[in-house]
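Trainee: Questions regarding the structure given below will be posed in turn.
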Amino acid sequence: MGNKQTIFTAQQLDAYQDCTYFTRKEILRLFYRYRDLAPQLVPLDYTNHPDVKLPYELIGSMPELKDNPFRQRIAEVFSEDGQGNMTLNDFLDMFSVLSEMAPRDLKAYYAFKIYDFNDDDFICKSDLEKTLNKLTRNELTEDEVRMVCEKVIDEADLDNDGRLSLEDFQHMIVRAPDFLRYRNSDT
Amino acid sequence: MNKNILTAGDKDFLEESENEHKKKKRDSTREKRRRRNGRRKRSSSSAEGEKELKERSDYKDRGRRKSLKNEKRPKRSERDEGNWGQTMHKTPKKKKSMNTKTRKINNNEEEEAKERMKKKHGRAKSDEKKENKDKAKEKTQEPKKKKHKKVVESSSEQETSEEEDDKETNDDDEVRPECLSPEELEKLKEAVEEKKKLIQSLKGKPWPMKKKLVTLRESQEFVEKYEGALGKGKGRKLYAYKVMMTKKWVKFQRDFENFKTACIPWEMKIKEIESHFGSSVASYFIFLRWMYGINMILFGLTFGLVMVPEALMGRPYGSIPRKTVPRAEEASAMDFAVLWDFKGYAQYSVLFYGFYNNQRAVGWLKFRMPLSYFLVGVGTVAYSYMVVIRTMARNANESGIGDDNSFNFSWKMFTSWDYLIGNPETADNKKDYFLFLLRIKEAILEEQESRKDDNIHLTRFLRVLANFLVLCCLAGSGYLIYFVVRRSQKFTLEGLENHTWWERNEVNMVMSLLGMFCPMLFDVISTLENYHPRVALQWQLGRIFALFLGNLYTFIIALMDEINLKRKEETIVKFNITTWETSLYNSSMSGNVTAPPVTIHPADVPRGPCWETMVGQEFVRLIISDTMTTYITLLIGDFLRAVLVRFLNYCWCWDLEAGFPSYSEFDVSGNVLGLIFNQGMIWMGSFYAPCLPALNVLRLHVSMYLQCWAVMCCNVPQERVFKASGSNNFYMAMLLVILFLSTLPAIYTIVTIPPSFDCGPFSGKNRMFDVIQETLESDFPAWFSKVFSYASNPGLVLPFILLMVLAIYYLQSTSKSYKEANVELKKKLQMQNEENKKKNKQAALKAQMDLEEARKAATQAAEHRRNNNASFQSQEVKVEENHGRNDRNHNGRYGCSSAGGSASQPSVRGPISRCYSNRGNSQYLPGLSQQTNPRIYRTPSLQSH
């Protein structure tokens, strides 16, 4: 394999391959994506683990996230400081989970965290309303929103505490026919 | 929290230490066993977690007393929760008798405890570690314990820390590996295995990357360190070797994986498209790539086993009549127009059936050319069937999970956002889609209610009308094609040279145009029907499918007519040739007998119309014209339109981009259907034109780039979202149907029509499949052909077929019953769910009532005691610090049973409260009275549901 890259040591690359769903090439490509966001901030040498963080404004402006209504939440959930400022590790982590190779359980876990706006480990009504409003860009009437939220809780809340726990969420989401469907590459 | 635990722990400790002192001597002999207990306890149930929590604080406080503690803990671990309460009652009694003897020691202990309490927070972790290392090997459980308890505190980190525990234990163990018992070795091995498993599953863990990296490094170090030390003696080398090999194997696998992903073409392109247009458009390109792969393999088969051997080892061009351009065509054989029609030199080349010689074995390899030709034709079809069916089965497996709709709204809510999309236009569409779905849902419900009486007749009428119109269209297009084909035959008979380009290419053009415009017509007609869009799309697909199929079959029937014509011509030519040959023979005979026989140039030899080549040519032309139309529509319909809309928009009276022409959408279903039919033609024609797979590979390759470019530069995401996941098998089913329908005519011609007498690899034979028999007879030993003939007689074949039918029937019925069972189970599950919900609701209501009551009582009690509370707490601290000995006495005297005793004496209340905190872990608030109990019980009861 090529000796030309000096950004990571071989061990680092191996470690990243163990920790993400990416191949060597993809990791390097992601690194360049990361670096392109702020070439002046990110060094080209990561062998000594420099402590670099990109602010949320830069992360959120990526084409993948730019138009995602949950981009702030996604950045917050995956960043180590919870503010959306990302290190390269967080960045790789995020893409690993969002990649199509990641299993459903893992995605469900992070999706739960993303939808849990107030970080109380439950998706409660206010979270649902926020989700719905973000999805529909406030184009539903209040009644409709309330109806949908009630319906969702009615459907998915198994322990009847008026909010969705992680178990409820996983139970519901892994049965969904098109939840970020794992596609195999040949069909 | 710390404070609570600390005080609780201290009280705990005060009691324990007495016990320990008593038992120290007695128990010292049992130390070894306990160590093992301690080990076992590592994996003990989580019920002990809380206890451990307390213990942990003890450890932190008492470094030096760990040996004592060590004795105590295993003992405790042997008891269950119920026993624990009993011992609490027992110990005070024993204590009392011991009191006088151990008073001095107790004093010491208490002082130390206080001291440590102060120190506790200042103590660094490194101190603990140092202490740990000072301990003898028997105490290796200690650090592990400690860590484990820390885990309980810091909740979610459990797994890593556990790993660390193991690691540390093993660290200590491994200092002297030779003194390990086999049991411990086994443990170590297990730990190593566990680590390996952890490394493998690391990417699936929901941890931040930093933690993953740290864990990875630690486990890798661990594995590296102890793997080699494992398996001493004779097993060791083998083990080390095995380990090394697995390491290499893993590395190789990873490299191979990297290589494999590097080999998948167009991955980036498709990803990019997916990020702009969503997964449905990307699914078309993935399908295209899949097709490309299949065609590559077909191409490899035909190219490697048929075309190359014939070209390299067969007779060269010009050696025999079938490999030479006839004299009449020689002049124009190199013209582009002729070559474009696949005539002239193209016709007499390796590209078509007629070029192949019927020589049994060619070249120094003795390559069995005709046999190879036949087997490749069969293999192509067989392979295609295999691949399509396998893919279908896999898709069915995948999509067989979620088809119940008990979470309708939830799914819509949480899965409507496709995280892979990064284009505002698509985002808008998705939003619309979501809204749309919600509204459609309501609308459908309303419709079903309201439409039942008057409207239904109109809808029915409209639908019947629409279907009638579509049928008319289909019939008309079928007739048109038949008519055109007939006309073109007439033209061919008259000689093509007298006709215009249009007349020559009428068939292909008409077919392509029909394929282009009829779907639009269907689209218009389908607005009449007022179906749900998803249903409408299916209808549309079905109609286009029918149209294409009808066209294809009309074409084939017309082709059959032509074949029959050619065969009639052939008999005439055959007769002519015999007369020609005899005349030639006579003329040569009439001359000099000894003169060398007249050599006639192969171009001058008269030859029959090779119908196989004709069929192949038709298909190749069809493919070419189809490809050209696709590309031209792409350029005009998409590119030109986009350019016009984009640039005329500056000087137009209305907004072209938002208004009428707008940009075109990418039509996934139409494109997929086009692809499928194209493939069908390949399958049909590749027996007579070995070059077809090669052409198709070329076409798909160009399509890939062209369409990728067109999509990115001049299309907008489509309005109607067609879900890729749900329709994969729909496409596949179509492909299978097409495969079946396209192999039918090919097989029919192979089986029923005798091959031409003077061209192709089977010339001279009665039927094409005779080549098998010939090979069996001449290339295999006699017994083999005998066996084969026995095996192929009806007496054996019929029972075999019967057996297969029975097997199919059996499998079908079992799968049906499984399905039924599945449905039944699903129903049961649903019912259970509903029941649970009801139950939970009731339980929740009841609990709420209980809670309310308890709250009332609590507030009353709190008010009652509010006055005392302040003094109570200060007293507690005082008592603890100054009257430690008294405490124990009181404890012994009153015990825990005196809970709720009078509040008049503050000095008595101290120990009472302490009793609580010792006894019930749940009652963590010292000031809370007993009436709050319901609240504490309720929580677990709720969670258990």
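We label chains A, B, ... in the order they appear in the structure tokens, count residues from 1 in each chain, and number ligands from 1 in the order shown.
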Got a sec: who's within 9 Å of A:Tyr56, counting only C-alpha atoms, leaving out chain neighbours fewer than 6 positions off, as a PDB file with all heavy atoms, in the first residue's frame?

Mentor:
```
ATOM      1  N   GLN A  72     -28.063  20.496  13.851  1.00  0.00           N
ATOM      2  CA  GLN A  72     -27.504  20.954  15.124  1.00  0.00           C
ATOM      3  C   GLN A  72     -27.496  19.813  16.137  1.00  0.00           C
ATOM      4  O   GLN A  72     -26.522  19.590  16.837  1.00  0.00           O
ATOM      5  CB  GLN A  72     -28.332  22.120  15.642  1.00  0.00           C
ATOM      6  CG  GLN A  72     -27.877  22.612  16.994  1.00  0.00           C
ATOM      7  CD  GLN A  72     -27.613  24.104  16.969  1.00  0.00           C
ATOM      8  OE1 GLN A  72     -28.225  24.834  16.201  1.00  0.00           O
ATOM      9  NE2 GLN A  72     -26.721  24.562  17.806  1.00  0.00           N
ATOM     10  N   ALA A  75     -24.811  17.271  15.309  1.00  0.00           N
ATOM     11  CA  ALA A  75     -23.480  17.741  15.699  1.00  0.00           C
ATOM     12  C   ALA A  75     -23.320  17.696  17.214  1.00  0.00           C
ATOM     13  O   ALA A  75     -22.290  17.295  17.734  1.00  0.00           O
ATOM     14  CB  ALA A  75     -23.245  19.147  15.171  1.00  0.00           C
ATOM     15  N   GLU A  76     -24.368  18.064  17.897  1.00  0.00           N
ATOM     16  CA  GLU A  76     -24.268  18.069  19.361  1.00  0.00           C
ATOM     17  C   GLU A  76     -24.093  16.668  19.911  1.00  0.00           C
ATOM     18  O   GLU A  76     -23.302  16.424  20.813  1.00  0.00           O
ATOM     19  CB  GLU A  76     -25.525  18.697  19.968  1.00  0.00           C
ATOM     20  CG  GLU A  76     -25.499  20.206  19.979  1.00  0.00           C
ATOM     21  CD  GLU A  76     -26.845  20.781  20.352  1.00  0.00           C
ATOM     22  OE1 GLU A  76     -27.681  20.035  20.886  1.00  0.00           O
ATOM     23  OE2 GLU A  76     -27.047  21.971  20.094  1.00  0.00           O
ATOM     24  N   GLN A  83     -21.457  20.625  22.314  1.00  0.00           N
ATOM     25  CA  GLN A  83     -21.798  21.925  21.748  1.00  0.00           C
ATOM     26  C   GLN A  83     -21.810  21.903  20.222  1.00  0.00           C
ATOM     27  O   GLN A  83     -22.133  22.895  19.593  1.00  0.00           O
ATOM     28  CB  GLN A  83     -20.780  22.982  22.192  1.00  0.00           C
ATOM     29  CG  GLN A  83     -20.597  23.075  23.678  1.00  0.00           C
ATOM     30  CD  GLN A  83     -21.824  23.650  24.344  1.00  0.00           C
ATOM     31  OE1 GLN A  83     -22.354  24.664  23.906  1.00  0.00           O
ATOM     32  NE2 GLN A  83     -22.300  22.996  25.395  1.00  0.00           N
ATOM     33  N   GLY A  84     -21.436  20.790  19.684  1.00  0.00           N
ATOM     34  CA  GLY A  84     -21.391  20.712  18.230  1.00  0.00           C
ATOM     35  C   GLY A  84     -20.019  20.990  17.658  1.00  0.00           C
ATOM     36  O   GLY A  84     -19.847  20.991  16.452  1.00  0.00           O
ATOM     37  N   ASN A  85     -19.055  21.234  18.510  1.00  0.00           N
ATOM     38  CA  ASN A  85     -17.690  21.443  18.009  1.00  0.00           C
ATOM     39  C   ASN A  85     -16.994  20.088  17.921  1.00  0.00           C
ATOM     40  O   ASN A  85     -16.957  19.343  18.892  1.00  0.00           O
ATOM     41  CB  ASN A  85     -16.912  22.350  18.953  1.00  0.00           C
ATOM     42  CG  ASN A  85     -17.653  23.638  19.183  1.00  0.00           C
ATOM     43  OD1 ASN A  85     -18.305  24.148  18.277  1.00  0.00           O
ATOM     44  ND2 ASN A  85     -17.610  24.136  20.421  1.00  0.00           N
ATOM     45  N   MET A  86     -16.452  19.823  16.781  1.00  0.00           N
ATOM     46  CA  MET A  86     -16.027  18.448  16.555  1.00  0.00           C
ATOM     47  C   MET A  86     -14.531  18.309  16.363  1.00  0.00           C
ATOM     48  O   MET A  86     -13.909  19.064  15.616  1.00  0.00           O
ATOM     49  CB  MET A  86     -16.713  17.911  15.311  1.00  0.00           C
ATOM     50  CG  MET A  86     -18.192  17.775  15.501  1.00  0.00           C
ATOM     51  SD  MET A  86     -18.829  16.765  14.213  1.00  0.00           S
ATOM     52  CE  MET A  86     -19.933  15.760  15.127  1.00  0.00           C
TER      53      MET A  86
END
```

Trainee: Write out as a short mmCIF file (atom, residue, chain, number, x, y, z; two decimals) with all heavy atoms, in the first residue's frame which residues come within 6 Å of stretch 469-484 of chain B when counting only C-alpha atoms, dropping same-chain ones fewer than 3 positions away.

Mentor:
```cif
data_model
loop_
_atom_site.label_atom_id
_atom_site.label_comp_id
_atom_site.auth_asym_id
_atom_site.auth_seq_id
_atom_site.Cartn_x
_atom_site.Cartn_y
_atom_site.Cartn_z
N ALA B 466 -60.23 3.92 -18.72
CA ALA B 466 -58.78 4.06 -18.82
C ALA B 466 -58.14 2.76 -19.27
O ALA B 466 -57.28 2.74 -20.15
CB ALA B 466 -58.21 4.49 -17.46
N ARG B 487 -43.77 -5.04 -43.71
CA ARG B 487 -43.39 -4.15 -44.79
C ARG B 487 -41.89 -4.21 -45.05
O ARG B 487 -41.42 -4.22 -46.19
CB ARG B 487 -43.80 -2.72 -44.45
CG ARG B 487 -44.19 -1.90 -45.67
CD ARG B 487 -44.99 -0.72 -45.24
NE ARG B 487 -44.12 0.28 -44.62
CZ ARG B 487 -44.13 1.56 -44.97
NH1 ARG B 487 -44.94 1.97 -45.92
NH2 ARG B 487 -43.35 2.42 -44.38
N VAL B 507 -38.41 -0.52 -38.64
CA VAL B 507 -38.80 -1.37 -37.50
C VAL B 507 -38.22 -0.84 -36.19
O VAL B 507 -38.96 -0.59 -35.23
CB VAL B 507 -38.31 -2.82 -37.75
CG1 VAL B 507 -38.78 -3.70 -36.62
CG2 VAL B 507 -38.82 -3.31 -39.06
N LEU B 547 -46.58 -3.13 -22.64
CA LEU B 547 -46.28 -2.54 -23.95
C LEU B 547 -44.97 -3.09 -24.52
O LEU B 547 -44.91 -3.57 -25.65
CB LEU B 547 -46.20 -1.03 -23.82
CG LEU B 547 -45.68 -0.30 -25.04
CD1 LEU B 547 -46.78 -0.17 -26.07
CD2 LEU B 547 -45.11 1.05 -24.67
N ASN B 551 -44.54 -5.44 -27.77
CA ASN B 551 -43.68 -5.05 -28.88
C ASN B 551 -42.64 -6.12 -29.17
O ASN B 551 -42.43 -6.52 -30.31
CB ASN B 551 -42.97 -3.74 -28.56
CG ASN B 551 -43.94 -2.60 -28.48
OD1 ASN B 551 -45.13 -2.78 -28.72
ND2 ASN B 551 -43.46 -1.42 -28.13
N THR B 554 -44.28 -9.22 -30.69
CA THR B 554 -44.65 -9.00 -32.09
C THR B 554 -43.41 -9.07 -32.96
O THR B 554 -43.40 -9.69 -34.03
CB THR B 554 -45.28 -7.61 -32.27
OG1 THR B 554 -45.92 -7.25 -31.08
CG2 THR B 554 -46.25 -7.61 -33.41
#
```

Trainee: Return the single residue from B:Leu635, B:Met209, B:Val702, B:Val192 that is closest to A:Ser96, with distances computed using only C-alpha atoms.

Mentor: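 Ranking B:Leu635, B:Met209, B:Val702, B:Val192 by distance to A:Ser96, first place goes to B:Met209.
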
Trainee: Extract, using only C-alpha atoms, all DNA, RNA and protein residues at most 12 Å from B:Lys197, discarding same-chain residues fewer than 4 positions from it, and format them as a PyMOL selection string.

Mentor: (chain A and resi 18) or (chain B and resi 163+190-193+201-204+216+219-220+223)

Trainee: Point out the residue among A:Phe31, A:Phe169, A:Phe8, A:Phe117 with the least atom-to-atom distance to chain B, counting only C-alpha atoms.

Mentor: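 Selected residue with least distance to chain B: A:Phe169.
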
Trainee: I'd like the contact shell of A:Leu58 - 9 Å cut-off, only C-alpha atoms, skipping same-chain residues fewer than 2 positions apart - returned as a PyMOL selection string.

Mentor: chain A and resi 37-38+54-56+60-62+85

Trainee: Which residue out of B:Phe277, B:Trp501, B:Phe619, B:Phe548 has the minimum interatomic distance to B:Leu695 when only C-alpha atoms are used?

Mentor: B:Phe619

Trainee: Name the residues of chain A that fall into helix (DSSP H, G or I) according to DSSP on the backbone, using the chain letters and numbers of this document, as a PyMOL selection string.

Mentor: chain A and resi 10-19+24-37+56-60+63-66+71-78+88-98+104-115+125-136+142-156+166-173
